[in-house]
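Visitor: The structure under discussion is supplied below as structure tokens; questions concerning it will follow.
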Amino acid sequence: MKFFKKTDSYFYNTFFSLAGIIALQNVIVFSVNLADNIMLGRFSETAMSGVSLANQIQFLLQMLVNGAANGVAVIASQYWGKRHIEPIRKVFSAGFLLASGLSLLLGVLVIAFPQQVLFLLSDEAAIVQAGAEYLRIMGFSYIVFAATNLLVALMRSVESVRIGFAVSLVALVVNIFLNYCLIFGHLGFPQLGVKGAAYATVTARIAELLTVLVYVLFIDKKLHIRPKDFFSVEKQYMKDYIKTGVPIILSGSSWGIAMTVQTAIIGRLGEAAIGANAIAAPVYQVVSVLYSSTSNAASVLIGKTVGEGDINRVKKYAKKLQILFLIVGLLSCGILLAGKGLILSFYEVSEATFALANTFLIILSVTVIGSSYEAPCLCGIVSGGGDTKFVLKNDLIFMWGIVLPLSFLSAFVFKWPIPVTFFLLKSDQITKCAVAVVKVNRFKWIRQLTHS
């Protein structure tokens with residue numbers, strides 16, 4: 001079979017080792033939120049829905065930070081292909097400064113005005129109150145979350161991905177243990193409910209940062225990062241980062257805000273819709289790690305190969321990656337359909353919420369096939385190859401020009417059934433596949449971002 005040639009062993013070994021470890025890491029990252037949801041779902045449906053609402057702000061933060069981190073990874077992976085180490089440190093410093101500033105601003109906002117922020121997403125007072133208790137505490141972890149993810153992305157850009165897995169595993173263990181103690185009041189701890197879940201997650205974030213700092217400062221032998229490298233910003237590399245990284249940050253921000261708007265639309269369709277989305281969203285996030293990990297792996301692999309200057313190999317890799325993305329999409333669909341019954345059985349919710357959550361998961365099992373192709377193609381191959389502006393333009397057109405207006409009309413003007421509105425909110429994951437096919441196979445995204 002031509003697709004699997006022995007001569008391509010480097011490609012397969014590199015891609016699957018990167019994607020596999022990143023997938024495990026991402027499963028654990030999303031499992032932290034899923035653990036909160038399941039435990040709070042057994043404690044109180046209102047508490048679960050409130051925390052799910054608050055986690056939409058966490059998702060916005062995650063998009064901002066991931067954008068900053070991916071901006072670092074795109075440039076750094078090209079320098080890694082050339083084995084130029086000092087510029088990698090300088091690019092990291094620029095990304096770290098920007099991500100920290102954005103995270104600090106958002107953290108101050110949610111600490112000072114948690115209820116006002118959440119009322120933008122839902123008008124259910126009880127749910128907003130529960131979410132505000134959680135959000136006010138979580139705001140203190142935002143800058144910690146940014147530092148951890150920038151460091152993990154830096155290590156990923158030089159093909160050191162195991163530390164990301166270790167960091168996430170530490171977070172999961174700490175979070176589940178403290179959730180058990182603080183939500184329900186076990187082992188002599190007070191029963192804090194929603195606040196307990198927040199304290200557990202903040203503690204887990206701090207444990208993450210300490211773990212990655214120990215690795216980066218004392219164990220890593222590739223980059224030899226020093227404390228001063230966090231703040232050694234140079235004008236040339238800041239300009240490079242702004243030119244390449246800011247479009248990725250804006251794309252992530254646009255996506256995060258769009259997801260928040262989607263939550264706001266669902267949040268005005270009743271308690272059953274809010275509860276169903278609170279169940280479906282974190283389950284989908286866990287399944288989506290398959291395509292997000294292939295996207296990250298593709299970005300590093302393509303970026304490194306572009307940095308090496310082997311354009312023919314870049315094109316060959318891009319073609320093979322597209323086939324792998326489709327396989328991942330079908331696999332994700334099967335996992336979601338096979339596992340939805342088991343996941344739903346963990347929740348003690350109303351019949352209406354249960355039925356709607358089941359429908360949402362069926363819809364997501366279809367759209368995940370599109371997501372698994374278009375997202376890695378555009379965010380992995382195209383951005384990793386150097387064209388970081390295209391994804392932003394594409395998202396603005398599809399999400400803000402088509403999906404959100406149609407979904408708004410469906411929900412509030414035409415009053416179509418809730419599942420129809422939910423499908424429209426996710427429909428861009430299918431329609432963007434056509435754009436991805438054309439863009440990737442024209443190969444005009446291959447660009448050198450490094451200096452000699």
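By order of appearance in the structure tokens: chains A, B, ..., then residues from 1 within every chain, and ligands from 1 in the order shown.
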I'd like the neighbourhood of Leu364 (chain A) as a PyMOL selection string, where a residue qualifies if any of its atoms comes within 12 Å (using only C-alpha atoms), though same-chain residues fewer than 6 positions away should be ignored.

Guide: chain A and resi 277+280-285+287-288+329+332-337+340+357-358+370-372+419+422-427+429-430

Visitor: Please, could you write that set of residues out with C-alpha atoms as a PDB file, in the first residue's frame?

Guide:
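Once everything was written out, this is part-v4.pdb:
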ATOM      1  CA  ASN A 277     -25.019  21.656  26.833  1.00  0.00           C
ATOM      2  CA  ALA A 280     -22.384  17.547  25.978  1.00  0.00           C
ATOM      3  CA  ALA A 281     -19.695  20.252  25.851  1.00  0.00           C
ATOM      4  CA  PRO A 282     -17.055  18.662  28.121  1.00  0.00           C
ATOM      5  CA  VAL A 283     -17.716  15.184  26.663  1.00  0.00           C
ATOM      6  CA  TYR A 284     -17.152  16.569  23.166  1.00  0.00           C
ATOM      7  CA  GLN A 285     -14.004  18.346  24.341  1.00  0.00           C
ATOM      8  CA  VAL A 287     -13.307  13.381  22.166  1.00  0.00           C
ATOM      9  CA  SER A 288     -12.007  16.416  20.235  1.00  0.00           C
ATOM     10  CA  GLY A 329     -12.646  12.021  12.175  1.00  0.00           C
ATOM     11  CA  SER A 332     -13.908  10.232  16.808  1.00  0.00           C
ATOM     12  CA  CYS A 333     -17.443   9.825  15.468  1.00  0.00           C
ATOM     13  CA  GLY A 334     -17.478   6.155  16.463  1.00  0.00           C
ATOM     14  CA  ILE A 335     -16.129   6.869  19.962  1.00  0.00           C
ATOM     15  CA  LEU A 336     -18.740   9.560  20.585  1.00  0.00           C
ATOM     16  CA  LEU A 337     -21.644   7.394  19.425  1.00  0.00           C
ATOM     17  CA  LYS A 340     -22.568   8.609  24.870  1.00  0.00           C
ATOM     18  CA  ALA A 357     -28.099  15.947  25.831  1.00  0.00           C
ATOM     19  CA  ASN A 358     -28.415  12.673  23.896  1.00  0.00           C
ATOM     20  CA  GLY A 370     -15.645  17.794   9.634  1.00  0.00           C
ATOM     21  CA  SER A 371     -13.781  19.275  12.595  1.00  0.00           C
ATOM     22  CA  SER A 372     -11.207  16.497  12.440  1.00  0.00           C
ATOM     23  CA  PRO A 419     -31.671  20.697  18.138  1.00  0.00           C
ATOM     24  CA  PHE A 422     -27.660  23.562  18.017  1.00  0.00           C
ATOM     25  CA  PHE A 423     -26.835  21.995  14.628  1.00  0.00           C
ATOM     26  CA  LEU A 424     -26.608  25.423  12.995  1.00  0.00           C
ATOM     27  CA  LEU A 425     -24.203  26.537  15.724  1.00  0.00           C
ATOM     28  CA  LYS A 426     -21.867  23.671  14.749  1.00  0.00           C
ATOM     29  CA  SER A 427     -22.482  23.660  10.983  1.00  0.00           C
ATOM     30  CA  GLN A 429     -17.305  22.472  11.015  1.00  0.00           C
ATOM     31  CA  ILE A 430     -18.740  20.803   7.903  1.00  0.00           C
TER      32      ILE A 430
END

Visitor: Find the residues around Ser295 (chain A) up to 10 Å (only C-alpha atoms counted), leave out those fewer than 6 positions away in its own chain, and share them as a short mmCIF file (atom, residue, chain, number, x, y, z; two decimals) with C-alpha atoms, in the first residue's frame.

Guide:
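Below you can see out_33.cif, which holds the result:
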data_model
loop_
_atom_site.label_atom_id
_atom_site.label_comp_id
_atom_site.auth_asym_id
_atom_site.auth_seq_id
_atom_site.Cartn_x
_atom_site.Cartn_y
_atom_site.Cartn_z
CA ALA A 19 0.08 13.21 18.35
CA ILE A 22 -0.36 15.31 23.00
CA VAL A 289 -8.52 15.87 21.67
CA LEU A 301 6.14 18.54 11.86
CA LEU A 321 -1.69 14.22 6.82
CA PHE A 325 -7.17 13.56 9.56
CA SER A 372 -11.21 16.50 12.44
CA TYR A 373 -10.36 17.40 8.85
CA GLU A 374 -10.70 21.16 8.55
CA ALA A 375 -9.22 22.22 11.92
CA PRO A 376 -5.91 20.30 11.58
CA CYS A 377 -5.66 21.29 7.91
CA LEU A 378 -6.03 25.00 8.63
CA CYS A 379 -4.61 25.34 12.15
CA GLY A 380 -1.99 22.60 11.75
CA ILE A 381 -0.76 22.50 8.15
CA SER A 383 -0.61 27.92 10.13
CA GLY A 384 2.33 25.61 10.83
#

Visitor: Have a look at CA of Val108 (chain A) and CA of Tyr215 (chain A) and let me know their distance in Å, one decimal.

Guide: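 That distance, rounded to one decimal, is 29.2 Å.
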
Visitor: Find the nearest atom pair between each residue of region 63-124 of chain A and region 266-270 of chain A for residues within 12 Å, count only C-alpha atoms, give distances in Å to one decimal, sort rows by chain and ascending number, and present the table as a Markdown table.

Guide:
| residue | atom | partner | partner_atom | distance |
| --- | --- | --- | --- | --- |
| A:Leu118 | CA | A:Gly267 | CA | 10.2 |
| A:Phe119 | CA | A:Gly267 | CA | 9.7 |
| A:Leu120 | CA | A:Gly267 | CA | 9.4 |
| A:Leu121 | CA | A:Gly267 | CA | 6.1 |
| A:Ser122 | CA | A:Gly267 | CA | 4.7 |
| A:Asp123 | CA | A:Arg268 | CA | 6.8 |
| A:Glu124 | CA | A:Gly267 | CA | 8.0 |

Visitor: Could you go through region 104-333 of chain A and tell me which residues DSSP, when run on the backbone, assigns to helix (DSSP H, G or I), listing them as a PyMOL selection string?

Guide: chain A and resi 104-112+114-119+125-157+162-184+194-219+227-230+235-266+271-308+311-333

Visitor: Might you pull out every residue within 8 Å of Val27 (chain A), with only C-alpha atoms counted and same-chain residues fewer than 2 positions away left off, and present them as a list in words?

Guide: Ala23, Leu24, Gln25, Val29, Phe30, Ser31, Val286, Val287 and Val289 of chain A

Visitor: In terms of the shortest atom-to-atom distance over only C-alpha atoms, which of A:Lys444, A:Lys439, A:Lys228, A:Arg42 is closest to Ile183 (chain A)?

Guide: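 Checking each candidate against Ile183 (chain A), we get A:Arg42 as the closest.
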
Visitor: Mind giving me the straight-line distance from CA of Ala76 (chain A) to CA of Phe390 (chain A) in Å, one decimal?

Guide: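 So the two atoms, CA of Ala76 (chain A) and CA of Phe390 (chain A), lie 19.5 Å apart.
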
Visitor: For region 308-314 of chain A, find every residue with an atom within 7 Å (counting only C-alpha atoms), except residues of its own chain fewer than 5 positions away, and show them as a list in words.

Guide: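 Returned residues: Gly81, Lys82 and Ile302 of chain A.
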
Visitor: Using only C-alpha atoms, which residue out of A:Ile242, A:Ala112, A:Val152, A:Val158 lies closest to Lys221 (chain A)?

Guide: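 Counting only C-alpha atoms, the residue closest to Lys221 (chain A) is A:Val158.
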
Visitor: For the contact check between region 203-237 of chain A and region 92-103 of chain A, emit one row per residue of region 203-237 of chain A within 8 Å, containing the shortest atom pair and the distance in Å rounded to one decimal, counting only C-alpha atoms, chain then rising number order, as CSV.

Guide:
residue,atom,partner,partner_atom,distance
A:Asp229,CA,A:Ser93,CA,6.2
A:Phe230,CA,A:Ser93,CA,5.0
A:Phe231,CA,A:Ser93,CA,5.5
A:Ser232,CA,A:Ser93,CA,5.9
A:Val233,CA,A:Ser93,CA,5.6
A:Glu234,CA,A:Ala94,CA,7.8
A:Tyr237,CA,A:Ala94,CA,7.1

Visitor: Write out as a list in words the residues lying within 9 Å of Ala69 (chain A), counting only C-alpha atoms and excluding same-chain residues fewer than 4 positions away.

Guide: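 Close residues of Ala69 (chain A): Leu64, Val65, Ala73, Val74, Phe92, Gly95, Phe96, Ala99, Ala146, Asn149, Leu150, Leu151, Val152, Ala153, Leu154, Gly245 and Ile249 of chain A.
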
Visitor: Counting only C-alpha atoms, which of A:Leu361, A:Ile21, A:Ile397, A:Ala200 gets nearest to Asp428 (chain A)?

Guide: A:Ile397

Visitor: Point out the residue among A:Ala298, A:Leu178, A:Val306, A:Leu344 with the least atom-to-atom distance to Ile446 (chain A), counting only C-alpha atoms.

Guide: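 The closest residue to Ile446 (chain A) is A:Val306.
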
Visitor: Find, counting only C-alpha atoms, the residue in A:Tyr142, A:Phe15, A:Trp80, A:Phe59 that gets nearest to Lys222 (chain A).

Guide: A:Trp80

Visitor: Neighbouring residues of Leu210 (chain A) were defined as those with any atom within 12 Å, considering only C-alpha atoms; residues of the same chain fewer than 2 positions away were excluded. Please report them as a list of chain:residue names.

Guide: A:Val144, A:Phe145, A:Ala147, A:Thr148, A:Leu151, A:Ile163, A:Ala166, A:Val167, A:Ser168, A:Val170, A:Ala171, A:Thr203, A:Ala204, A:Arg205, A:Ile206, A:Ala207, A:Glu208, A:Val212, A:Leu213, A:Val214, A:Tyr215, A:Val216, A:Leu217, A:Phe218

Visitor: Just N, CA and C atoms for this one: save the residues we selected as a PDB file, in the first residue's frame.

Guide:
ATOM      1  N   VAL A 144      -1.483  31.907  35.959  1.00  0.00           N
ATOM      2  CA  VAL A 144      -0.765  30.649  36.171  1.00  0.00           C
ATOM      3  C   VAL A 144      -0.998  29.713  34.988  1.00  0.00           C
ATOM      4  N   PHE A 145      -2.250  29.631  34.546  1.00  0.00           N
ATOM      5  CA  PHE A 145      -2.625  28.806  33.396  1.00  0.00           C
ATOM      6  C   PHE A 145      -1.865  29.250  32.148  1.00  0.00           C
ATOM      7  N   ALA A 147       1.106  30.867  31.930  1.00  0.00           N
ATOM      8  CA  ALA A 147       2.530  30.531  32.021  1.00  0.00           C
ATOM      9  C   ALA A 147       2.768  29.061  31.736  1.00  0.00           C
ATOM     10  N   THR A 148       1.932  28.198  32.307  1.00  0.00           N
ATOM     11  CA  THR A 148       2.090  26.755  32.090  1.00  0.00           C
ATOM     12  C   THR A 148       1.962  26.388  30.626  1.00  0.00           C
ATOM     13  N   LEU A 151       4.889  27.470  28.354  1.00  0.00           N
ATOM     14  CA  LEU A 151       6.060  26.613  28.539  1.00  0.00           C
ATOM     15  C   LEU A 151       5.866  25.248  27.891  1.00  0.00           C
ATOM     16  N   ILE A 163       6.638  16.130  28.784  1.00  0.00           N
ATOM     17  CA  ILE A 163       6.427  16.986  29.957  1.00  0.00           C
ATOM     18  C   ILE A 163       4.986  17.483  29.993  1.00  0.00           C
ATOM     19  N   ALA A 166       2.991  14.785  31.610  1.00  0.00           N
ATOM     20  CA  ALA A 166       3.261  14.716  33.051  1.00  0.00           C
ATOM     21  C   ALA A 166       2.563  15.841  33.804  1.00  0.00           C
ATOM     22  N   VAL A 167       2.612  17.042  33.238  1.00  0.00           N
ATOM     23  CA  VAL A 167       1.976  18.208  33.856  1.00  0.00           C
ATOM     24  C   VAL A 167       0.476  17.983  33.994  1.00  0.00           C
ATOM     25  N   SER A 168      -0.147  17.500  32.927  1.00  0.00           N
ATOM     26  CA  SER A 168      -1.594  17.284  32.951  1.00  0.00           C
ATOM     27  C   SER A 168      -1.992  16.176  33.913  1.00  0.00           C
ATOM     28  N   VAL A 170      -0.452  15.351  36.690  1.00  0.00           N
ATOM     29  CA  VAL A 170      -0.381  15.935  38.040  1.00  0.00           C
ATOM     30  C   VAL A 170      -1.655  16.723  38.337  1.00  0.00           C
ATOM     31  N   ALA A 171      -2.088  17.538  37.362  1.00  0.00           N
ATOM     32  CA  ALA A 171      -3.294  18.350  37.553  1.00  0.00           C
ATOM     33  C   ALA A 171      -4.525  17.490  37.787  1.00  0.00           C
ATOM     34  N   THR A 203      -5.746  24.949  42.767  1.00  0.00           N
ATOM     35  CA  THR A 203      -4.599  24.220  43.323  1.00  0.00           C
ATOM     36  C   THR A 203      -3.946  23.342  42.264  1.00  0.00           C
ATOM     37  N   ALA A 204      -4.766  22.704  41.429  1.00  0.00           N
ATOM     38  CA  ALA A 204      -4.233  21.871  40.356  1.00  0.00           C
ATOM     39  C   ALA A 204      -3.437  22.698  39.354  1.00  0.00           C
ATOM     40  N   ARG A 205      -3.912  23.910  39.048  1.00  0.00           N
ATOM     41  CA  ARG A 205      -3.192  24.801  38.121  1.00  0.00           C
ATOM     42  C   ARG A 205      -1.818  25.168  38.676  1.00  0.00           C
ATOM     43  N   ILE A 206      -1.749  25.435  39.971  1.00  0.00           N
ATOM     44  CA  ILE A 206      -0.470  25.781  40.591  1.00  0.00           C
ATOM     45  C   ILE A 206       0.479  24.589  40.542  1.00  0.00           C
ATOM     46  N   ALA A 207      -0.054  23.396  40.796  1.00  0.00           N
ATOM     47  CA  ALA A 207       0.769  22.178  40.724  1.00  0.00           C
ATOM     48  C   ALA A 207       1.312  21.969  39.313  1.00  0.00           C
ATOM     49  N   GLU A 208       0.500  22.269  38.295  1.00  0.00           N
ATOM     50  CA  GLU A 208       0.940  22.188  36.895  1.00  0.00           C
ATOM     51  C   GLU A 208       2.149  23.078  36.651  1.00  0.00           C
ATOM     52  N   VAL A 212       6.088  21.991  35.490  1.00  0.00           N
ATOM     53  CA  VAL A 212       6.745  22.350  34.229  1.00  0.00           C
ATOM     54  C   VAL A 212       7.956  23.252  34.474  1.00  0.00           C
ATOM     55  N   LEU A 213       7.912  24.087  35.501  1.00  0.00           N
ATOM     56  CA  LEU A 213       9.072  24.930  35.820  1.00  0.00           C
ATOM     57  C   LEU A 213      10.275  24.087  36.223  1.00  0.00           C
ATOM     58  N   VAL A 214      10.039  23.076  37.024  1.00  0.00           N
ATOM     59  CA  VAL A 214      11.138  22.190  37.434  1.00  0.00           C
ATOM     60  C   VAL A 214      11.770  21.541  36.204  1.00  0.00           C
ATOM     61  N   TYR A 215      10.931  21.082  35.272  1.00  0.00           N
ATOM     62  CA  TYR A 215      11.458  20.432  34.070  1.00  0.00           C
ATOM     63  C   TYR A 215      12.244  21.415  33.206  1.00  0.00           C
ATOM     64  N   VAL A 216      11.642  22.576  32.922  1.00  0.00           N
ATOM     65  CA  VAL A 216      12.247  23.534  32.002  1.00  0.00           C
ATOM     66  C   VAL A 216      13.556  24.106  32.552  1.00  0.00           C
ATOM     67  N   LEU A 217      13.586  24.413  33.837  1.00  0.00           N
ATOM     68  CA  LEU A 217      14.752  25.082  34.420  1.00  0.00           C
ATOM     69  C   LEU A 217      15.869  24.120  34.824  1.00  0.00           C
ATOM     70  N   PHE A 218      15.524  22.864  35.142  1.00  0.00           N
ATOM     71  CA  PHE A 218      16.535  21.980  35.711  1.00  0.00           C
ATOM     72  C   PHE A 218      16.771  20.669  34.953  1.00  0.00           C
TER      73      PHE A 218
END

Visitor: Calculate how many Å separate CA of Gly275 (chain A) from CA of Leu290 (chain A), rounding to one decimal.

Guide: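 Straight-line distance from CA of Gly275 (chain A) to CA of Leu290 (chain A) works out to 25.0 Å.
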
Visitor: Need the shell around Ser17 (chain A): protein/DNA/RNA residues with any atom at most 10 Å away, counting only C-alpha atoms. Skip same-chain ones fewer than 5 positions apart. Format as a list in words?

Guide: Phe11, Tyr12, Ile22, Ala23, Glu159, Val161, Arg162 and Ala297 of chain A

Visitor: Taking into account only C-alpha atoms, which residue in the set A:Pro87, A:Trp400, A:Met155, A:Leu61 is nearest to Asp240 (chain A)?

Guide: A:Pro87
